[in-house]
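Quick look at upload39.txt (compact mmCIF, C-alpha atoms and all ligand atoms):
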# COMPACT_ATOMS: atom_id res chain seq x y z
CA MET A 1 -12.60 13.31 -8.54
CA PRO A 2 -14.94 15.92 -7.02
CA ALA A 3 -12.85 18.74 -5.51
CA GLU A 4 -14.76 18.46 -2.21
CA VAL A 5 -13.73 14.82 -1.91
CA LEU A 6 -10.07 15.62 -2.52
CA GLN A 7 -10.24 18.43 0.03
CA GLN A 8 -11.78 16.21 2.67
CA ALA A 9 -9.20 13.48 2.04
CA ALA A 10 -6.42 16.08 2.33
CA SER A 11 -7.80 17.41 5.61
CA GLU A 12 -7.87 13.95 7.22
CA MET A 13 -4.79 12.54 5.50
CA LEU A 14 -2.64 12.42 8.63
CA ASP A 15 -5.31 11.71 11.22
CA TRP A 16 -8.62 10.12 10.34
CA GLN A 17 -11.38 11.43 12.60
CA GLY A 18 -9.08 11.83 15.60
CA CYS A 19 -7.91 8.20 15.69
CA GLY A 20 -4.24 9.26 15.40
CA MET A 21 -3.59 7.39 12.14
CA SER A 22 -3.88 7.92 8.43
CA VAL A 23 -6.34 5.56 6.70
CA MET A 24 -3.25 4.15 4.97
CA GLU A 25 -1.80 3.14 8.32
CA MET A 26 -4.84 1.31 9.65
CA SER A 27 -5.10 -2.43 9.93
CA HIS A 28 -7.72 -3.54 7.45
CA ARG A 29 -9.14 -5.74 10.21
CA GLY A 30 -9.29 -2.91 12.76
CA GLN A 31 -12.45 -1.21 13.97
CA GLU A 32 -11.75 2.05 12.15
CA PHE A 33 -11.35 0.55 8.69
CA GLY A 34 -14.29 -1.74 9.41
CA ARG A 35 -16.45 1.37 9.80
CA ILE A 36 -15.11 2.85 6.54
CA LEU A 37 -15.80 -0.35 4.59
CA GLU A 38 -19.25 -0.86 6.04
CA ALA A 39 -20.30 2.73 5.33
CA ALA A 40 -18.92 2.58 1.77
CA GLU A 41 -20.85 -0.58 1.03
CA ALA A 42 -24.09 0.68 2.60
CA ASP A 43 -23.85 4.04 0.81
CA LEU A 44 -23.19 2.38 -2.53
CA ARG A 45 -26.10 -0.02 -2.01
CA GLU A 46 -28.36 2.95 -1.33
CA LEU A 47 -27.01 5.07 -4.20
CA LEU A 48 -27.35 2.39 -6.86
CA ALA A 49 -30.46 0.83 -5.26
CA VAL A 50 -28.75 -2.57 -5.21
CA PRO A 51 -31.34 -5.21 -4.19
CA ALA A 52 -30.77 -7.41 -1.13
CA ASN A 53 -30.11 -10.52 -3.24
CA PHE A 54 -27.02 -8.93 -4.81
CA ARG A 55 -23.62 -8.85 -3.13
CA ILE A 56 -21.25 -5.90 -3.42
CA LEU A 57 -17.60 -6.94 -3.76
CA PHE A 58 -14.59 -4.66 -3.55
CA MET A 59 -11.86 -6.31 -5.57
CA GLN A 60 -8.58 -5.49 -7.36
CA GLY A 61 -7.25 -6.02 -10.86
CA GLY A 62 -9.47 -3.56 -12.72
CA GLY A 63 -11.84 -4.19 -15.59
CA LEU A 64 -9.23 -6.18 -17.48
CA ALA A 65 -8.80 -8.71 -14.67
CA GLU A 66 -12.59 -9.08 -14.56
CA ASN A 67 -12.43 -10.12 -18.21
CA ALA A 68 -10.83 -13.33 -16.91
CA ILE A 69 -12.49 -13.47 -13.48
CA VAL A 70 -16.04 -13.36 -14.86
CA PRO A 71 -15.67 -16.39 -17.17
CA MET A 72 -13.76 -18.28 -14.48
CA ASN A 73 -16.69 -17.75 -12.09
CA LEU A 74 -19.73 -17.82 -14.32
CA SER A 75 -19.08 -19.95 -17.41
CA ARG A 76 -19.43 -23.37 -15.68
CA GLY A 77 -17.84 -25.02 -18.71
CA GLN A 78 -20.58 -23.71 -21.00
CA ALA A 79 -20.49 -21.22 -23.84
CA VAL A 80 -20.64 -17.46 -23.33
CA ASP A 81 -22.49 -15.02 -25.60
CA PHE A 82 -20.72 -11.76 -26.45
CA VAL A 83 -22.16 -8.56 -27.83
CA VAL A 84 -19.23 -6.73 -29.39
CA THR A 85 -19.78 -2.97 -29.43
CA GLY A 86 -16.26 -1.54 -29.35
CA SER A 87 -12.70 -1.86 -28.12
CA TRP A 88 -13.47 -2.91 -24.55
CA SER A 89 -15.96 -5.66 -25.34
CA GLN A 90 -13.57 -6.92 -27.99
CA LYS A 91 -10.86 -7.16 -25.33
CA SER A 92 -13.28 -8.95 -23.00
CA LEU A 93 -14.10 -11.47 -25.72
CA LYS A 94 -10.44 -12.16 -26.43
CA GLU A 95 -9.68 -12.79 -22.77
CA ALA A 96 -12.78 -14.92 -22.15
CA ARG A 97 -11.66 -17.25 -24.96
CA ARG A 98 -8.88 -18.44 -22.68
CA TYR A 99 -11.38 -19.78 -20.14
CA ALA A 100 -14.61 -20.51 -21.97
CA GLN A 101 -16.09 -21.26 -25.34
CA THR A 102 -17.33 -17.95 -26.71
CA GLN A 103 -19.87 -16.96 -29.36
CA VAL A 104 -20.38 -13.55 -30.88
CA ALA A 105 -24.12 -12.87 -30.68
CA ALA A 106 -23.79 -9.48 -32.38
CA SER A 107 -21.05 -7.11 -33.49
CA ASN A 108 -20.87 -3.57 -34.79
CA GLU A 109 -17.36 -3.99 -36.17
CA ALA A 110 -18.54 -3.64 -39.76
CA ASP A 111 -19.96 -0.21 -38.85
CA GLY A 112 -16.64 0.88 -37.36
CA HIS A 113 -18.17 0.64 -33.87
CA THR A 114 -20.49 3.59 -34.47
CA ARG A 115 -23.91 2.07 -33.85
CA LEU A 116 -25.45 -0.42 -31.50
CA PRO A 117 -26.76 -3.68 -32.98
CA ALA A 118 -30.50 -3.75 -32.14
CA PRO A 119 -31.14 -6.36 -29.40
CA ALA A 120 -33.82 -8.00 -31.58
CA THR A 121 -31.02 -8.96 -34.02
CA TRP A 122 -28.75 -10.60 -31.42
CA ARG A 123 -28.21 -14.31 -32.03
CA LEU A 124 -28.37 -15.50 -28.43
CA ASN A 125 -27.73 -19.13 -27.60
CA ALA A 126 -30.18 -21.03 -25.48
CA GLY A 127 -27.42 -22.78 -23.53
CA ALA A 128 -25.17 -19.78 -22.87
CA SER A 129 -23.95 -19.38 -19.28
CA TYR A 130 -24.11 -15.58 -19.52
CA VAL A 131 -24.24 -12.71 -22.00
CA HIS A 132 -21.50 -10.08 -21.91
CA LEU A 133 -22.32 -6.47 -22.77
CA CYS A 134 -20.18 -3.36 -22.29
CA THR A 135 -22.73 -0.67 -21.46
CA ASN A 136 -20.37 2.22 -22.11
CA GLU A 137 -17.60 1.84 -24.66
CA THR A 138 -15.14 4.39 -23.35
CA ILE A 139 -12.99 4.59 -26.48
CA ASN A 140 -15.72 4.49 -29.13
CA GLY A 141 -18.21 6.66 -27.25
CA ILE A 142 -21.14 4.24 -27.43
CA GLU A 143 -23.57 3.85 -24.54
CA VAL A 144 -26.39 1.37 -24.07
CA HIS A 145 -29.14 3.63 -22.77
CA ASP A 146 -31.68 0.87 -22.09
CA LEU A 147 -30.49 -2.44 -20.72
CA PRO A 148 -31.83 -5.33 -22.82
CA ASP A 149 -34.42 -7.69 -21.35
CA LEU A 150 -32.75 -11.00 -22.21
CA LYS A 151 -35.79 -13.05 -21.24
CA ALA A 152 -37.87 -11.18 -23.82
CA LEU A 153 -35.14 -12.01 -26.35
CA GLY A 154 -35.45 -15.71 -25.58
CA SER A 155 -32.39 -16.14 -23.37
CA ASN A 156 -32.40 -17.33 -19.77
CA ALA A 157 -28.76 -16.40 -19.29
CA PRO A 158 -27.80 -13.67 -16.83
CA LEU A 159 -26.59 -10.40 -18.31
CA VAL A 160 -23.06 -9.37 -17.35
CA ILE A 161 -22.36 -5.69 -17.85
CA ASP A 162 -19.03 -3.88 -17.90
CA PHE A 163 -20.11 -0.52 -16.49
CA SER A 164 -16.55 0.69 -15.76
CA SER A 165 -16.87 4.04 -17.44
CA HIS A 166 -20.42 5.09 -16.58
CA VAL A 167 -21.07 3.51 -13.20
CA ALA A 168 -23.06 5.89 -10.96
CA SER A 169 -23.80 8.22 -13.88
CA ARG A 170 -27.40 6.94 -14.01
CA PRO A 171 -29.58 4.39 -12.18
CA VAL A 172 -29.25 0.65 -12.95
CA ASP A 173 -32.22 -1.64 -13.66
CA TRP A 174 -31.03 -4.62 -11.59
CA SER A 175 -33.95 -6.77 -12.73
CA ARG A 176 -32.09 -7.08 -16.05
CA VAL A 177 -28.59 -7.69 -14.64
CA GLY A 178 -26.86 -10.74 -13.16
CA LEU A 179 -23.46 -9.16 -12.60
CA ALA A 180 -21.96 -5.72 -13.10
CA PHE A 181 -18.28 -4.91 -12.87
CA GLY A 182 -16.15 -1.83 -13.24
CA GLY A 183 -12.87 -0.25 -12.31
CA ALA A 184 -13.41 2.59 -9.85
CA GLN A 185 -11.19 5.13 -11.55
CA LYS A 186 -13.75 6.95 -13.69
CA ASN A 187 -16.70 7.83 -11.46
CA LEU A 188 -16.04 6.21 -8.10
CA GLY A 189 -12.56 6.96 -6.86
CA PRO A 190 -8.87 6.46 -7.57
CA ALA A 191 -7.48 3.50 -9.54
CA GLY A 192 -6.82 0.29 -7.64
CA LEU A 193 -10.36 -0.65 -6.67
CA THR A 194 -12.70 -2.78 -8.76
CA LEU A 195 -16.40 -2.93 -8.03
CA VAL A 196 -18.39 -6.11 -8.63
CA VAL A 197 -22.12 -6.33 -7.95
CA VAL A 198 -23.31 -9.91 -8.33
CA ARG A 199 -26.59 -11.76 -7.85
CA GLU A 200 -26.23 -14.31 -5.07
CA ASP A 201 -27.28 -17.34 -7.11
CA LEU A 202 -24.27 -16.77 -9.40
CA LEU A 203 -21.81 -17.32 -6.56
CA GLY A 204 -20.16 -20.67 -5.91
CA HIS A 205 -19.64 -21.95 -9.46
CA ALA A 206 -16.00 -21.02 -10.08
CA LEU A 207 -13.87 -23.25 -12.28
CA PRO A 208 -11.20 -25.21 -10.36
CA ILE A 209 -8.46 -23.08 -11.97
CA CYS A 210 -9.91 -19.86 -10.52
CA PRO A 211 -7.53 -18.30 -7.96
CA SER A 212 -9.15 -18.24 -4.50
CA ALA A 213 -8.72 -14.48 -4.25
CA PHE A 214 -10.78 -14.15 -7.45
CA ASP A 215 -13.52 -16.63 -6.55
CA TYR A 216 -16.56 -14.39 -6.03
CA LYS A 217 -17.93 -16.70 -3.33
CA THR A 218 -14.68 -16.53 -1.36
CA VAL A 219 -14.64 -12.74 -1.70
CA ALA A 220 -18.33 -12.48 -0.71
CA ASP A 221 -18.00 -14.89 2.23
CA ASN A 222 -15.10 -12.82 3.53
CA ARG A 223 -16.88 -9.49 2.99
CA SER A 224 -14.19 -8.33 0.51
CA MET A 225 -11.44 -9.07 3.06
CA TYR A 226 -10.17 -12.49 1.97
CA ASN A 227 -6.93 -10.70 1.27
CA THR A 228 -6.01 -7.12 2.18
CA PRO A 229 -8.36 -4.90 0.20
CA PRO A 230 -7.21 -1.60 -1.39
CA THR A 231 -8.05 0.28 1.80
CA TYR A 232 -7.24 3.82 0.73
CA ALA A 233 -9.05 3.47 -2.58
CA ILE A 234 -12.11 2.13 -0.73
CA TYR A 235 -11.96 5.08 1.65
CA MET A 236 -11.79 7.54 -1.27
CA ALA A 237 -14.66 5.78 -3.03
CA GLY A 238 -16.60 5.99 0.24
CA LEU A 239 -16.09 9.76 0.32
CA THR A 240 -17.25 9.93 -3.29
CA PHE A 241 -20.38 7.96 -2.42
CA GLN A 242 -21.15 10.46 0.34
CA TRP A 243 -20.62 13.32 -2.12
CA LEU A 244 -22.89 11.62 -4.66
CA LYS A 245 -25.63 11.18 -2.05
CA GLN A 246 -25.63 14.93 -1.49
CA GLN A 247 -25.97 15.93 -5.15
CA THR A 248 -29.31 17.38 -6.22
CA GLU A 249 -30.82 18.60 -9.49
CA GLY A 250 -34.34 19.95 -9.01
CA ASP A 251 -36.14 17.27 -7.02
CA ARG A 252 -33.69 14.54 -8.02
CA ILE A 253 -30.97 13.38 -5.68
CA GLY A 254 -27.92 11.14 -5.85
CA VAL A 255 -27.45 9.12 -9.02
CA ALA A 256 -30.73 10.41 -10.49
CA ALA A 257 -29.37 13.94 -10.07
CA MET A 258 -26.13 12.89 -11.75
CA GLU A 259 -28.11 11.47 -14.65
CA ALA A 260 -29.97 14.75 -15.17
CA ARG A 261 -26.69 16.68 -15.01
CA ASN A 262 -24.95 14.23 -17.36
CA VAL A 263 -27.80 14.46 -19.89
CA ALA A 264 -27.48 18.26 -19.87
CA LYS A 265 -23.67 18.19 -20.15
CA ALA A 266 -23.67 15.72 -23.05
CA ALA A 267 -26.49 17.55 -24.90
CA LEU A 268 -24.56 20.81 -24.75
CA LEU A 269 -21.51 19.28 -26.40
CA TYR A 270 -23.26 17.06 -28.96
CA ASP A 271 -25.62 19.87 -30.00
CA TYR A 272 -22.69 22.14 -30.61
CA ILE A 273 -20.76 19.50 -32.59
CA ASP A 274 -23.82 18.58 -34.69
CA GLY A 275 -24.48 22.22 -35.50
CA SER A 276 -20.92 22.83 -36.62
CA GLN A 277 -19.31 22.31 -40.03
CA PHE A 278 -15.91 22.21 -38.39
CA TYR A 279 -16.31 19.30 -35.92
CA GLU A 280 -17.93 15.90 -36.25
CA ASN A 281 -19.12 12.98 -34.09
CA LYS A 282 -19.65 9.70 -35.96
CA VAL A 283 -21.72 7.75 -33.45
CA ALA A 284 -25.43 7.10 -34.12
CA ARG A 285 -27.55 9.48 -32.06
CA ASP A 286 -29.48 6.82 -30.16
CA CYS A 287 -26.36 5.31 -28.61
CA ARG A 288 -24.08 8.24 -27.97
CA SER A 289 -22.21 8.10 -24.69
CA ARG A 290 -22.93 10.76 -22.08
CA MET A 291 -19.54 10.08 -20.53
CA ASN A 292 -17.11 9.90 -23.44
CA VAL A 293 -17.56 12.07 -26.51
CA PRO A 294 -15.14 11.28 -29.32
CA PHE A 295 -15.09 14.01 -31.94
CA PHE A 296 -13.04 14.95 -34.96
CA LEU A 297 -11.91 18.14 -36.61
CA ARG A 298 -12.97 17.72 -40.22
CA ASP A 299 -9.56 19.03 -41.16
CA GLU A 300 -7.27 16.85 -39.10
CA SER A 301 -4.19 18.90 -39.96
CA ARG A 302 -5.44 21.32 -37.29
CA ASN A 303 -5.40 18.72 -34.49
CA GLU A 304 -2.11 19.81 -32.92
CA ALA A 305 -3.11 23.48 -32.90
CA PHE A 306 -6.45 22.55 -31.35
CA LEU A 307 -4.80 20.56 -28.57
CA SER A 308 -2.12 23.09 -27.74
CA GLY A 309 -4.68 25.93 -27.65
CA ALA A 310 -6.89 23.80 -25.41
CA LYS A 311 -4.02 23.14 -23.04
CA ALA A 312 -3.24 26.84 -22.84
CA ALA A 313 -6.91 27.41 -21.94
CA GLY A 314 -6.68 24.85 -19.13
CA LEU A 315 -8.62 22.17 -21.04
CA LEU A 316 -6.64 18.98 -20.61
CA GLN A 317 -6.70 15.35 -21.78
CA LEU A 318 -8.66 15.98 -24.95
CA LYS A 319 -6.56 13.87 -27.29
CA GLY A 320 -8.54 10.90 -28.61
CA HIS A 321 -7.53 7.32 -27.94
CA LYS A 322 -4.76 6.24 -30.29
CA SER A 323 -6.93 3.52 -31.87
CA VAL A 324 -9.60 6.05 -32.90
CA GLY A 325 -7.67 9.31 -33.27
CA GLY A 326 -9.21 12.76 -33.17
CA MET A 327 -10.39 14.14 -29.83
CA ARG A 328 -12.27 12.75 -26.86
CA ALA A 329 -13.94 14.71 -24.10
CA SER A 330 -14.68 12.67 -21.01
CA LEU A 331 -17.57 14.11 -19.03
CA TYR A 332 -17.45 11.98 -15.90
CA ASN A 333 -19.60 12.78 -12.87
CA ALA A 334 -17.06 15.13 -11.30
CA MET A 335 -16.95 17.32 -14.43
CA PRO A 336 -19.31 20.24 -13.81
CA LEU A 337 -21.51 21.81 -16.50
CA GLU A 338 -19.18 24.82 -16.41
CA GLY A 339 -16.35 22.57 -17.63
CA VAL A 340 -18.37 21.59 -20.70
CA GLN A 341 -19.36 25.23 -21.28
CA ALA A 342 -15.68 26.15 -21.21
CA LEU A 343 -14.88 23.41 -23.74
CA VAL A 344 -17.66 24.48 -26.11
CA GLY A 345 -16.56 28.11 -25.74
CA TYR A 346 -13.03 27.13 -26.69
CA MET A 347 -14.19 24.99 -29.63
CA ARG A 348 -16.28 27.88 -30.96
CA GLN A 349 -13.42 30.31 -30.63
CA PHE A 350 -10.92 27.91 -32.21
CA GLU A 351 -13.24 27.41 -35.17
CA LYS A 352 -13.44 31.21 -35.65
CA THR A 353 -9.67 31.70 -35.55
CA GLN A 354 -9.25 29.02 -38.23
CA ALA A 355 -11.72 30.56 -40.68
N1 LIG B 1 -13.71 -1.66 -19.53
C1 LIG B 1 -13.95 -0.38 -19.83
C2 LIG B 1 -15.28 -0.01 -20.37
C3 LIG B 1 -12.96 0.59 -19.62
O1 LIG B 1 -13.19 1.88 -19.92
C4 LIG B 1 -11.71 0.20 -19.10
C5 LIG B 1 -10.62 1.19 -18.80
N2 LIG B 1 -10.64 2.38 -19.40
C6 LIG B 1 -11.50 -1.16 -18.83
C7 LIG B 1 -12.52 -2.05 -19.04
C8 LIG B 1 -10.19 -1.62 -18.29
O2 LIG B 1 -10.11 -1.28 -16.98
P1 LIG B 1 -8.77 -1.38 -16.13
O3 LIG B 1 -7.79 -0.46 -16.75
O4 LIG B 1 -9.25 -0.92 -14.79
O5 LIG B 1 -8.34 -2.80 -16.14

Step by step, read the file and then write its structure as structure tokens.
Ligand code: PMP
Amino acid sequence: MPAEVLQQAASEMLDWQGCGMSVMEMSHRGQEFGRILEAAEADLRELLAVPANFRILFMQGGGLAENAIVPMNLSRGQAVDFVVTGSWSQKSLKEARRYAQTQVAASNEADGHTRLPAPATWRLNAGASYVHLCTNETINGIEVHDLPDLKALGSNAPLVIDFSSHVASRPVDWSRVGLAFGGAQKNLGPAGLTLVVVREDLLGHALPICPSAFDYKTVADNRSMYNTPPTYAIYMAGLTFQWLKQQTEGDRIGVAAMEARNVAKAALLYDYIDGSQFYENKVARDCRSRMNVPFFLRDESRNEAFLSGAKAAGLLQLKGHKSVGGMRASLYNAMPLEGVQALVGYMRQFEKTQA
């Protein structure tokens, strides 16, 4: 979370803009929360340049719930194409199998999830109801830098992207997307809020088993208030959207500014790792994530010393995911360039002390 956002939330924790209540105490149907929700939605639409024929839904259940909610809403009893690029898309595939017939159009499992299968090699099915793609594999550190043009690949199916871990880190080409979903807790706000951006023509096709609260049309028709929404998380995300709108890098503003900053942050770390004999990143260069950088000490017996030294230097949460091991640096939007400089400085110094 950006420090400014946390400070603002702290300053209006007990009394939001003189109304005498905390946001947590407001009725979600009251005027005050109505203003918060409306502003959050409008700001997000502006930030991500979401076209008018897409609806923005604030939901709950996180990315994992969407793994079930998407097939329940979009599969229409037809098959679903999956592009497996890492742990999260694999999880999505497994869950979708409970609700739809699934087909793996491409997988990088044989490469240990270290490179992206080229779109031209995807075996897409003409009759698929949608194609699932995770555009940033948080655990494996793989990012899809250019969204595929499915039409050019011979598929008329809408593209569904899981952008949980890089949402708002760069602009989105909505002409290539039918639906995007993501948990808020990386770049948008605290956990508890799930963002869904869906093209209007995809609404209204939910399977009969789909719970009403998870039917996108019901959620859209009720402006994300079919049931009580996660009001405080929406408020915090709204503050983050305002913060994002104010960010500049040269003549870029908002998400374009974040992209420039994220490119610079990631380049600093990858360049250092690539130039070192001590550390290593195994992901192909053309699909390396700007948000999540998994890296390894070539001598893994030094892992514990690396982590405890990092902690002492104030560099936290660097331990890699248990399924991959090693280290992982997450460079989400709120991480400033100085944070990455501090990490690289520590890595350089640690390497020296181990010589
Ligand atoms: N997809 C991706 C890409 C993720 O990074 C995560 C969480 N780290 C999830 C899905 C699961 O999200 P949640 O924990 O919000 O259900």

key: Spatial neighbours of Asp299 of chain A, max dist 12 Å, all atoms listed in the file, sep filter under 6 positions, as a list in words   =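 These residues fall inside the cut-off: Gln277, Phe278, Tyr279, Glu280, Ala305, Phe306, Gly326, Glu351, Gln354 and Ala355 of chain A.
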
Answer as a VMD selection string, residues within 8 Å of (-11.1, -4.9, -14.3) using only C-alpha atoms = chain A and resid 60 to 67 164 181 to 183 194

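Considering the residues A:Leu203, A:Ala96, A:Val131, A:Ala168 and counting all atoms listed in the file, Lys217 of chain A has its shortest atom-to-atom contact with A:Leu203.
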
ask   = Looking at A:Ile161, A:Met327, A:Val83, A:Ala334, which one is nearest to ligand LIG 1 (chain B), with distances taken over only C-alpha atoms and all ligand atoms?
value = A:Ile161

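Near Pro190 of chain A, within 10 Å and counting only C-alpha atoms, sit A:Met1, A:Gly183, A:Ala184, A:Gln185, A:Tyr232, A:Ala233, A:Ile234, A:Tyr235, A:Met236, A:Ala237, not including residues fewer than 5 positions from it in the same chain.
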
Store the residues of this selection in a file with C-alpha atoms, as a PDB file, keeping the file's coordinate frame.
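What ended up in again26.pdb:
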ATOM      1  CA  MET A   1     -12.600  13.310  -8.540  1.00  0.00           C
ATOM      2  CA  GLY A 183     -12.870  -0.250 -12.310  1.00  0.00           C
ATOM      3  CA  ALA A 184     -13.410   2.590  -9.850  1.00  0.00           C
ATOM      4  CA  GLN A 185     -11.190   5.130 -11.550  1.00  0.00           C
ATOM      5  CA  TYR A 232      -7.240   3.820   0.730  1.00  0.00           C
ATOM      6  CA  ALA A 233      -9.050   3.470  -2.580  1.00  0.00           C
ATOM      7  CA  ILE A 234     -12.110   2.130  -0.730  1.00  0.00           C
ATOM      8  CA  TYR A 235     -11.960   5.080   1.650  1.00  0.00           C
ATOM      9  CA  MET A 236     -11.790   7.540  -1.270  1.00  0.00           C
ATOM     10  CA  ALA A 237     -14.660   5.780  -3.030  1.00  0.00           C
TER      11      ALA A 237
END

Neighbours of point (-19.7, 12.1, -17.4) within 6 Å, using only C-alpha atoms, written as a PyMOL selection string = chain A and resi 262+290-291+331-333

message = Measuring between all atoms listed in the file, which one of A:Ala3, A:Ala191, A:Ile69, A:Gly34 shows the shortest distance to ligand LIG 1 (chain B)?
response = A:Ala191

task = Find the residues near Pro171 of chain A: any atom within 9 Å, counting all atoms listed in the file, skip ones fewer than 2 places away on the same chain, and give them as a ChimeraX atom specification.
result = /A:47-49,167-169,173,255-256,259

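With all atoms listed in the file as the atoms that count, the residue of A:Thr85, A:Asn187, A:Ser175, A:Asn292 with the shortest distance to Thr240 of chain A is A:Asn187.
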
message = Between atom CA of Asn136 of chain A and atom CA of Arg199 of chain A, what distance in Å does the model show, to one decimal?
response =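 A separation of 20.9 Å between them.
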
Counting all atoms listed in the file, the residue of A:Ala126, A:Met24, A:Ala152, A:Cys134 that sits nearest ligand LIG 1 (chain B) =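 For ligand LIG 1 (chain B), the nearest of the given residues is A:Cys134.
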
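Comparing A:Ile139, A:Val104, A:Leu147, A:Leu14 by their smallest distance to ligand LIG 1 (chain B), the closest is A:Ile139 (using only C-alpha atoms and all ligand atoms).
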
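Residue neighbourhood of Phe296 of chain A, excluding near-sequence residues (fewer than 3 positions): Ile273, Asp274, Ser276, Gln277, Phe278, Tyr279, Glu280, Asn281, Lys282, Val283, Val293, Asp299, Glu300, Ser301, Arg302, Asn303, Phe306, Leu307, Leu318, Lys319, Gly320, His321, Val324, Gly325, Gly326, Met327, Arg328, Ala329 and Met347 of chain A, at 12 Å, using all atoms listed in the file.
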
How big is the axis-aligned box around all listed atoms of segment 265-279 of chain A once 5 Å goes on each side, and where's its centre, in Å to one decimal, as AutoDock Vina command-line options?
--center_x -21.2 --center_y 19.3 --center_z -30.1 --size_x 20.6 --size_y 17.1 --size_z 29.9

request  = Grab the atom CA of His145 of chain A to atom CA of Asn73 of chain A distance for me, in Å with one decimal place.
outcome  =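 It comes out at 26.9 Å.
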
ask   = What gap, in Å, lies between atom CA of Leu159 of chain A and atom CA of Thr135 of chain A?
value =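 Taking atom CA of Leu159 of chain A as the start and atom CA of Thr135 of chain A as the end point, the length is 10.9 Å.
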
message = Give me the residues near Gln103 of chain A as a list in words, where near means some atom within 10 Å (using all atoms listed in the file) and where sequence neighbours in that chain fewer than 4 positions away do not count.
response =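 Near neighbours after the sequence-gap exclusion: Ala79, Val80, Asp81, Phe82, Val83, Leu93, Arg97, Arg123, Leu124, Asn125, Ala128 and Val131 of chain A.
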